[in-house]
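This is input29.tsv. It holds TSV, C-alpha atoms and all ligand atoms.
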chain	number	residue	atom	x	y	z
A	599	MET	CA	-41.31	-35.62	33.67
A	600	SER	CA	-41.97	-38.36	31.13
A	601	SER	CA	-39.66	-39.32	28.29
A	602	ARG	CA	-40.69	-38.61	24.71
A	603	LEU	CA	-40.93	-42.33	24.00
A	604	GLU	CA	-43.25	-42.78	26.97
A	605	ILE	CA	-45.45	-39.94	25.68
A	606	TYR	CA	-45.55	-41.62	22.26
A	607	ARG	CA	-46.31	-45.02	23.81
A	608	VAL	CA	-49.29	-43.68	25.76
A	609	MET	CA	-50.68	-41.79	22.74
A	610	VAL	CA	-50.50	-44.96	20.66
A	611	LEU	CA	-52.10	-46.94	23.48
A	612	ALA	CA	-54.99	-44.46	23.63
A	613	GLN	CA	-55.42	-44.63	19.86
A	614	ALA	CA	-55.45	-48.45	19.90
A	615	TRP	CA	-57.93	-48.47	22.78
A	616	GLU	CA	-60.26	-46.11	20.93
A	617	GLN	CA	-60.08	-48.17	17.73
A	618	ALA	CA	-61.00	-51.29	19.72
A	619	LEU	CA	-63.91	-49.46	21.35
A	620	LEU	CA	-65.20	-48.33	17.96
A	621	ARG	CA	-65.13	-51.97	16.81
A	622	LEU	CA	-67.12	-53.00	19.90
A	623	ILE	CA	-69.70	-50.31	19.14
A	624	ASP	CA	-69.82	-51.41	15.51
A	625	GLU	CA	-70.35	-55.02	16.57
A	626	ASN	CA	-73.26	-53.89	18.77
A	627	LEU	CA	-71.47	-55.13	21.87
A	628	ALA	CA	-71.08	-51.72	23.53
A	629	PRO	CA	-74.33	-49.73	23.66
A	630	ALA	CA	-72.35	-46.51	23.74
A	631	SER	CA	-72.38	-43.06	22.31
A	632	TYR	CA	-68.88	-41.64	22.00
A	633	HIS	CA	-66.97	-38.46	21.14
A	634	PRO	CA	-63.79	-39.68	19.41
A	635	GLY	CA	-60.50	-38.27	20.68
A	636	ARG	CA	-58.37	-38.50	17.53
A	637	GLY	CA	-56.37	-35.32	17.33
A	638	SER	CA	-56.52	-34.55	21.07
A	639	GLU	CA	-53.91	-37.09	22.17
A	640	GLY	CA	-51.06	-34.57	22.12
A	641	SER	CA	-52.96	-32.34	24.50
A	642	GLU	CA	-54.40	-35.02	26.76
A	643	VAL	CA	-51.37	-37.28	27.07
A	644	GLY	CA	-48.76	-34.51	27.04
A	645	ALA	CA	-50.52	-32.67	29.87
A	646	THR	CA	-51.67	-35.59	32.01
A	647	LEU	CA	-48.27	-37.24	32.09
A	648	ALA	CA	-47.04	-34.22	34.05
A	649	LEU	CA	-49.15	-35.38	37.01
A	650	GLU	CA	-48.19	-37.72	39.84
A	651	ASP	CA	-50.35	-40.76	40.62
A	652	THR	CA	-51.88	-39.01	43.64
A	653	ASP	CA	-52.81	-35.83	41.73
A	654	TYR	CA	-56.42	-35.26	40.67
A	655	LEU	CA	-57.79	-35.39	37.12
A	656	LEU	CA	-61.12	-34.02	35.92
A	657	TYR	CA	-61.27	-35.29	32.34
A	658	ASP	CA	-63.65	-34.14	29.62
A	659	HIS	CA	-65.88	-35.95	27.15
A	660	ARG	CA	-63.55	-36.10	24.14
A	661	GLY	CA	-61.64	-39.38	23.92
A	662	MET	CA	-60.09	-41.28	26.79
A	663	ALA	CA	-56.40	-40.44	26.33
A	664	HIS	CA	-56.19	-38.37	29.54
A	665	ILE	CA	-57.73	-41.16	31.63
A	666	ILE	CA	-55.48	-43.75	30.00
A	667	ALA	CA	-52.46	-41.51	30.67
A	668	LYS	CA	-53.47	-41.38	34.36
A	669	GLY	CA	-53.10	-45.16	34.45
A	670	THR	CA	-56.69	-46.41	34.79
A	671	SER	CA	-56.99	-50.08	33.80
A	672	LEU	CA	-57.82	-50.58	30.12
A	673	THR	CA	-60.01	-53.55	31.02
A	674	ALA	CA	-62.01	-51.43	33.46
A	675	LEU	CA	-62.48	-48.74	30.80
A	676	PHE	CA	-63.86	-51.30	28.36
A	677	GLY	CA	-66.03	-52.62	31.21
A	678	ASP	CA	-67.52	-49.15	31.64
A	679	PHE	CA	-68.55	-49.00	27.99
A	680	LEU	CA	-69.83	-52.58	28.05
A	681	GLY	CA	-71.79	-51.70	31.18
A	682	ASN	CA	-70.49	-54.69	33.09
A	683	GLU	CA	-69.15	-55.28	36.58
A	684	LEU	CA	-65.50	-55.00	35.52
A	685	GLY	CA	-65.98	-51.29	34.81
A	686	THR	CA	-64.70	-48.62	37.19
A	687	THR	CA	-68.33	-47.95	38.08
A	688	ASN	CA	-69.17	-51.69	38.27
A	689	GLY	CA	-71.70	-51.30	35.47
A	690	LEU	CA	-73.33	-48.04	36.51
A	691	GLY	CA	-71.58	-45.96	33.86
A	692	ALA	CA	-72.65	-47.52	30.58
A	693	GLY	CA	-73.18	-45.41	27.48
A	694	ILE	CA	-71.69	-41.94	27.80
A	695	VAL	CA	-69.17	-43.04	30.30
A	696	HIS	CA	-68.55	-41.54	33.72
A	697	VAL	CA	-65.31	-43.14	34.78
A	698	ALA	CA	-64.33	-42.81	38.41
A	699	ASP	CA	-60.99	-44.11	39.63
A	700	PRO	CA	-60.26	-42.33	42.91
A	701	GLU	CA	-57.19	-44.48	43.64
A	702	ARG	CA	-55.51	-42.86	40.65
A	703	GLY	CA	-57.05	-39.46	41.32
A	704	VAL	CA	-59.54	-39.73	38.45
A	705	LEU	CA	-62.49	-37.86	39.90
A	706	GLY	CA	-64.76	-38.07	36.85
A	707	GLN	CA	-66.47	-35.38	34.85
A	708	SER	CA	-69.56	-33.39	35.58
A	709	GLY	CA	-72.96	-34.34	34.15
A	710	THR	CA	-73.02	-31.08	32.23
A	711	LEU	CA	-70.00	-29.65	30.47
A	712	GLY	CA	-68.26	-27.02	32.57
A	713	GLY	CA	-69.45	-28.33	35.93
A	714	SER	CA	-66.03	-29.99	36.28
A	715	GLN	CA	-64.37	-26.61	36.54
A	716	LEU	CA	-66.04	-25.99	39.91
A	717	ILE	CA	-65.43	-29.55	41.12
A	718	ALA	CA	-61.77	-29.11	40.17
A	719	SER	CA	-61.51	-25.88	42.16
A	720	GLY	CA	-63.10	-27.65	45.11
A	721	ALA	CA	-60.63	-30.53	44.85
A	722	ALA	CA	-57.74	-28.06	44.65
A	723	LEU	CA	-59.07	-26.14	47.67
A	724	SER	CA	-59.32	-29.39	49.60
A	725	ALA	CA	-55.73	-30.31	48.71
A	726	LYS	CA	-54.55	-26.87	49.78
A	727	LEU	CA	-56.37	-26.99	53.12
A	728	ARG	CA	-55.08	-30.50	53.80
A	729	LYS	CA	-51.57	-29.44	52.69
A	730	SER	CA	-51.46	-32.70	50.73
A	731	GLY	CA	-49.30	-31.33	47.92
A	732	GLN	CA	-51.75	-32.68	45.32
A	733	VAL	CA	-52.34	-30.78	42.10
A	734	THR	CA	-55.67	-30.84	40.23
A	735	MET	CA	-55.81	-30.76	36.42
A	736	CYS	CA	-59.10	-30.05	34.67
A	737	PHE	CA	-59.68	-30.50	30.93
A	738	MET	CA	-62.33	-28.66	28.96
A	739	GLY	CA	-63.12	-27.75	25.36
A	740	ASP	CA	-63.35	-24.19	24.09
A	741	GLY	CA	-67.15	-24.42	24.26
A	742	ALA	CA	-67.12	-25.54	27.89
A	743	ALA	CA	-64.64	-22.77	28.73
A	744	ASN	CA	-67.37	-20.29	27.80
A	745	ARG	CA	-69.71	-21.37	30.59
A	746	GLY	CA	-70.18	-19.14	33.64
A	747	THR	CA	-68.75	-21.94	35.76
A	748	PHE	CA	-65.34	-21.23	34.23
A	749	HIS	CA	-65.36	-17.67	35.54
A	750	GLU	CA	-66.58	-18.58	39.03
A	751	ALA	CA	-63.97	-21.30	39.38
A	752	ALA	CA	-61.17	-19.21	37.88
A	753	ASN	CA	-61.86	-16.22	40.08
A	754	ALA	CA	-61.87	-18.22	43.32
A	755	ALA	CA	-58.78	-20.20	42.30
A	756	GLY	CA	-56.90	-17.00	41.46
A	757	ALA	CA	-57.86	-15.29	44.72
A	758	TRP	CA	-56.91	-18.32	46.81
A	759	LYS	CA	-53.86	-19.38	44.76
A	760	LEU	CA	-55.19	-22.89	44.38
A	761	PRO	CA	-52.96	-25.72	43.06
A	762	LEU	CA	-54.95	-26.00	39.85
A	763	VAL	CA	-54.25	-26.35	36.12
A	764	PHE	CA	-56.95	-25.75	33.51
A	765	VAL	CA	-56.28	-27.25	30.10
A	766	VAL	CA	-58.50	-25.56	27.51
A	767	GLN	CA	-58.48	-27.80	24.45
A	768	ASN	CA	-59.25	-25.32	21.73
A	769	ASN	CA	-60.04	-27.42	18.65
A	770	GLY	CA	-61.91	-24.60	16.96
A	771	TRP	CA	-65.37	-26.13	17.32
A	772	ALA	CA	-68.14	-26.67	19.84
A	773	VAL	CA	-70.17	-29.25	17.88
A	774	SER	CA	-70.89	-27.12	14.75
A	775	THR	CA	-70.17	-23.67	16.21
A	776	PRO	CA	-66.78	-22.25	15.26
A	777	THR	CA	-64.90	-20.77	18.23
A	778	GLU	CA	-64.74	-17.29	16.67
A	779	HIS	CA	-68.56	-17.16	16.63
A	780	SER	CA	-68.79	-17.77	20.36
A	781	THR	CA	-65.66	-16.30	21.89
A	782	GLY	CA	-64.50	-12.73	22.30
A	783	GLY	CA	-60.75	-12.46	22.80
A	784	SER	CA	-58.49	-15.39	23.44
A	785	PHE	CA	-58.66	-17.99	26.18
A	786	VAL	CA	-55.07	-17.59	27.28
A	787	ASP	CA	-55.56	-13.86	27.86
A	788	ARG	CA	-58.23	-14.61	30.44
A	789	ALA	CA	-55.55	-15.96	32.79
A	790	LYS	CA	-54.21	-12.49	33.60
A	791	GLY	CA	-57.63	-11.19	34.60
A	792	TYR	CA	-57.99	-13.88	37.25
A	793	GLY	CA	-54.44	-13.71	38.58
A	794	TRP	CA	-53.41	-16.94	36.88
A	795	HIS	CA	-50.36	-17.74	34.82
A	796	GLY	CA	-51.36	-18.32	31.17
A	797	VAL	CA	-49.62	-20.10	28.34
A	798	GLN	CA	-50.62	-21.12	24.83
A	799	VAL	CA	-49.13	-24.19	23.15
A	800	ASP	CA	-49.52	-26.14	19.91
A	801	GLY	CA	-51.28	-29.46	20.57
A	802	GLN	CA	-49.75	-31.04	17.51
A	803	ASN	CA	-46.50	-31.22	19.48
A	804	PRO	CA	-47.15	-33.37	22.57
A	805	PHE	CA	-43.61	-32.82	23.82
A	806	ASP	CA	-44.11	-29.05	23.99
A	807	VAL	CA	-47.45	-29.58	25.73
A	808	HIS	CA	-45.71	-31.81	28.27
A	809	ASP	CA	-42.97	-29.24	29.00
A	810	VAL	CA	-45.56	-26.52	29.57
A	811	ALA	CA	-47.64	-28.82	31.79
A	812	VAL	CA	-44.64	-29.90	33.87
A	813	GLU	CA	-43.96	-26.22	34.62
A	814	ALA	CA	-47.61	-25.57	35.44
A	815	VAL	CA	-47.82	-28.55	37.80
A	816	GLU	CA	-44.59	-27.50	39.51
A	817	ARG	CA	-45.94	-23.95	39.90
A	818	ALA	CA	-49.13	-25.28	41.46
A	819	ARG	CA	-47.30	-27.70	43.76
A	820	SER	CA	-45.01	-25.01	45.07
A	821	ASN	CA	-47.97	-22.81	45.96
A	822	ASN	CA	-47.41	-20.29	43.18
A	823	GLY	CA	-50.96	-20.45	41.92
A	824	PRO	CA	-53.00	-21.80	39.04
A	825	THR	CA	-52.11	-21.97	35.34
A	826	LEU	CA	-54.36	-21.87	32.30
A	827	ILE	CA	-52.90	-23.81	29.38
A	828	GLU	CA	-54.64	-23.14	26.08
A	829	VAL	CA	-53.80	-25.96	23.70
A	830	LYS	CA	-54.47	-25.24	20.05
A	831	THR	CA	-55.59	-28.64	18.88
A	832	VAL	CA	-57.69	-30.35	16.20
A	833	ARG	CA	-60.64	-32.67	15.97
A	834	LEU	CA	-59.83	-35.22	13.30
A	835	THR	CA	-63.33	-36.73	13.28
A	836	GLY	CA	-66.90	-35.54	13.70
A	837	HIS	CA	-68.15	-34.28	17.05
A	838	TYR	CA	-69.77	-37.66	17.72
A	839	LEU	CA	-69.68	-40.94	15.82
A	840	ALA	CA	-72.40	-40.39	13.22
A	841	ASP	CA	-71.76	-36.66	12.76
A	842	PRO	CA	-72.07	-35.90	8.99
A	843	GLN	CA	-70.00	-32.71	9.56
A	844	GLN	CA	-71.91	-30.71	6.98
A	845	TYR	CA	-70.86	-27.56	8.80
A	846	ARG	CA	-67.18	-27.85	7.87
A	847	SER	CA	-65.62	-27.89	4.45
A	848	ALA	CA	-63.47	-30.64	2.98
A	849	GLU	CA	-60.63	-28.11	3.02
A	850	THR	CA	-60.97	-27.48	6.77
A	851	LYS	CA	-61.02	-31.21	7.46
A	852	ALA	CA	-57.99	-31.79	5.24
A	853	ASP	CA	-56.14	-29.00	7.03
A	854	ALA	CA	-56.88	-30.57	10.44
A	855	SER	CA	-55.59	-33.93	9.22
A	856	THR	CA	-52.13	-32.42	8.67
A	857	LYS	CA	-51.94	-31.71	12.42
A	858	ASP	CA	-52.24	-35.24	13.82
A	859	PRO	CA	-50.06	-35.29	16.98
A	860	ILE	CA	-49.33	-39.02	16.69
A	861	VAL	CA	-48.02	-38.66	13.14
A	862	PHE	CA	-46.01	-35.60	14.19
A	863	ALA	CA	-44.45	-37.31	17.22
A	864	ARG	CA	-43.59	-40.45	15.28
A	865	LYS	CA	-41.82	-38.44	12.59
A	866	LEU	CA	-39.93	-36.37	15.14
A	867	LEU	CA	-38.75	-39.41	17.12
A	868	HIS	CA	-37.63	-41.11	13.95
A	869	GLU	CA	-35.89	-38.15	12.36
A	870	SER	CA	-34.11	-37.15	15.56
A	871	GLY	CA	-32.73	-40.68	15.89
A	872	GLU	CA	-34.45	-41.16	19.26
A	873	ALA	CA	-36.13	-44.30	17.97
A	874	THR	CA	-35.61	-46.61	15.02
A	875	GLU	CA	-38.45	-47.83	12.82
A	876	ASP	CA	-38.22	-51.23	14.55
A	877	GLU	CA	-38.50	-49.67	18.01
A	878	LEU	CA	-41.52	-47.60	17.00
A	879	GLU	CA	-43.22	-50.62	15.45
A	880	LYS	CA	-42.52	-52.61	18.62
A	881	ILE	CA	-44.19	-49.91	20.75
A	882	GLU	CA	-47.22	-49.93	18.42
A	883	ALA	CA	-47.49	-53.74	18.36
A	884	GLU	CA	-47.23	-53.92	22.16
A	885	ALA	CA	-49.99	-51.32	22.51
A	886	ARG	CA	-52.28	-53.36	20.24
A	887	THR	CA	-51.59	-56.56	22.19
A	888	GLN	CA	-52.21	-54.81	25.52
A	889	VAL	CA	-55.52	-53.45	24.20
A	890	ASP	CA	-56.60	-56.81	22.70
A	891	ASN	CA	-55.91	-58.56	26.01
A	892	ALA	CA	-57.87	-55.92	27.93
A	893	ARG	CA	-60.79	-56.20	25.51
A	894	ASP	CA	-60.89	-59.99	25.76
A	895	GLU	CA	-60.77	-59.79	29.54
A	896	ALA	CA	-63.50	-57.14	29.68
A	897	LEU	CA	-65.83	-59.18	27.47
A	898	LYS	CA	-65.82	-61.89	30.16
A	899	GLY	CA	-67.42	-59.49	32.68
A	900	ASN	CA	-70.94	-60.10	33.98
A	901	GLN	CA	-73.81	-57.65	33.73
A	902	PRO	CA	-74.50	-56.11	37.16
A	903	GLY	CA	-77.13	-57.75	39.33
A	904	GLN	CA	-79.96	-56.09	41.24
A	905	ASP	CA	-77.79	-55.78	44.37
A	906	LEU	CA	-75.91	-52.96	42.62
A	907	LEU	CA	-79.03	-50.81	42.93
A	908	THR	CA	-78.58	-50.55	46.69
A	909	ARG	CA	-74.80	-51.06	47.00
A	910	TYR	CA	-74.02	-47.35	46.98
A	911	THR	CA	-77.24	-46.14	48.54
A	912	TYR	CA	-77.11	-44.64	52.02
A	913	VAL	CA	-80.22	-43.92	54.05
A	1001	LIG	C1	-73.93	-27.54	29.82
A	1001	LIG	C2	-73.94	-28.38	28.58
A	1001	LIG	N1	-74.37	-27.84	27.42
A	1001	LIG	C3	-74.40	-28.59	26.30
A	1001	LIG	C4	-74.00	-29.91	26.32
A	1001	LIG	C5	-74.07	-30.75	25.05
A	1001	LIG	N2	-72.70	-30.86	24.47
A	1001	LIG	C6	-71.97	-31.98	24.63
A	1001	LIG	S1	-70.43	-31.83	23.91
A	1001	LIG	C7	-70.78	-30.26	23.38
A	1001	LIG	C8	-69.75	-29.44	22.62
A	1001	LIG	C9	-68.65	-29.01	23.48
A	1001	LIG	O1	-67.69	-28.31	22.75
A	1001	LIG	P1	-66.28	-28.06	23.36
A	1001	LIG	O2	-66.38	-27.74	24.81
A	1001	LIG	O3	-65.59	-27.08	22.51
A	1001	LIG	O4	-65.57	-29.48	23.29
A	1001	LIG	P2	-65.32	-30.39	22.02
A	1001	LIG	O5	-66.56	-31.22	21.84
A	1001	LIG	O6	-65.01	-29.51	20.87
A	1001	LIG	O7	-64.15	-31.23	22.40
A	1001	LIG	C10	-72.07	-29.87	23.75
A	1001	LIG	C11	-72.67	-28.57	23.43
A	1001	LIG	C12	-73.55	-30.44	27.56
A	1001	LIG	N3	-73.10	-31.70	27.67
A	1001	LIG	N4	-73.51	-29.67	28.67
Write the structure described by the file as structure tokens, please.
Amino acid sequence: MSSRLEIYRVMVLAQAWEQALLRLIDENLAPASYHPGRGSEGSEVGATLALEDTDYLLYDHRGMAHIIAKGTSLTALFGDFLGNELGTTNGLGAGIVHVADPERGVLGQSGTLGGSQLIASGAALSAKLRKSGQVTMCFMGDGAANRGTFHEAANAAGAWKLPLVFVVQNNGWAVSTPTEHSTGGSFVDRAKGYGWHGVQVDGQNPFDVHDVAVEAVERARSNNGPTLIEVKTVRLTGHYLADPQQYRSAETKADASTKDPIVFARKLLHESGEATEDELEKIEAEARTQVDNARDEALKGNQPGQDLLTRYTYV
């Protein structure tokens, strides 16, 4: 269980990291394509901070807040986007990043959206067979939750009571397709059909997301089966960096912008007296310094040499 201030700190850290990455892309230093995570921090940080270090994370393509919340080095994450040897993949994961940090349980994401759901079930089955007590958390968007892989993974996990948590980040869009055009029924209602526990929560409130995730992780760890958490969240930007977003109206975008989880959390912490303005500013300044240091460090990394081509090859 993380404190509210810790949840806020990690959300701000993720936001600062993303802003620094966008500057690197703008400066032509990172040859990356990227799906910004602004708006998803409440879901990604709130849920991931319910995990222990040894638990498994299958992240998804939107933003990096879940990976940052799992504790992966900020320098290594920059290294992945710069495609240099300081990255978690030593330079193999440039561009659309495929972070792997097994020491912190970060198992990566699948090459195609939705493949992670099956990998997550496999990881959870492995943990169950080994009686390791590890929980697996798998993030996906509403679009990815509509792949057949979801149903295969969910059915097996329900039948075998696997220690698994699915976090469906329902931001209302799969690129330009609104969820209601692609989805019959609601995601949370699917849980019952597979023998899972299901809960829906508002992603604008990261503290509520955290409470729900702590319960889900506890349920999984005590062998009481998987949980599907549907987080109603927002995408504050386009699907990808240069997305002109012609498919959504100015009104829809303005409405989403009122649901920023970082703004919400800051206001709540301030108004409840949990943190003064000075304390909040200190947290924000420290996050920026931490990110700047990580960026400077990562920029010193070397491009990988030819030896990398055979380093992970087994014959
Ligand atoms: C199997 C597969 N189909 C299509 C894509 C291309 N693609 C990348 S992101 C994306 C939209 C996913 O929408 P959603 O799952 O709702 O997540 P969001 O982008 O809204 O966070 C698509 C179609 C892909 N990567 N994999």
Cut-off 6 Å, all atoms listed in the file, neighbours of ligand LIG 1001 (chain A) as a VMD selection string: chain A and resid 660 710 to 711 738 to 742 769 771 to 773 837
Distance in Å - atom CA of Glu683 of chain A versus atom CA of Gly903 of chain A: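 So the answer is 8.8 Å.
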Selection near segment 607-624 of chain A, 10 Å with only C-alpha atoms, sequence-local residues under 4 positions removed, as a VMD selection string: chain A and resid 601 to 603 628 to 632 634 to 644 647 661 to 669 672 to 673 675 to 676 679 to 680 804 839 859 to 860 863 to 864 878 880 to 890 892 to 893 897
Straight-line distance linking atom CA of Leu867 of chain A with atom CA of Val799 of chain A, stated in Å to one decimal: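 Interatomic distance, atom CA of Leu867 of chain A to atom CA of Val799 of chain A: 19.4 Å.
Coordinates place atom CA of Ala674 of chain A at a distance of 24.9 Å from atom CA of Tyr912 of chain A.
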Spatial neighbours of Asn753 of chain A, 10 Å, all atoms listed in the file, chain gap at least 2 places, as a ChimeraX atom specification: /A:719,747-751,755-759,789,791-794
Residues within 10 Å of Val812 of chain A, all atoms listed in the file, excluding chain neighbours under 3 positions, as a list in words: Met599, Ser600, Gly644, Ala645, Thr646, Leu647, Ala648, Leu649, Asp806, Val807, His808, Asp809, Val815, Glu816, Arg817 and Ala818 of chain A
Nearby residues (all atoms listed in the file) at most 9 Å from Thr686 of chain A, same-chain spacing under 6 positions excluded, as an MDAnalysis selection string: chainID A and resid 670:671 674:675 677:678 696:699
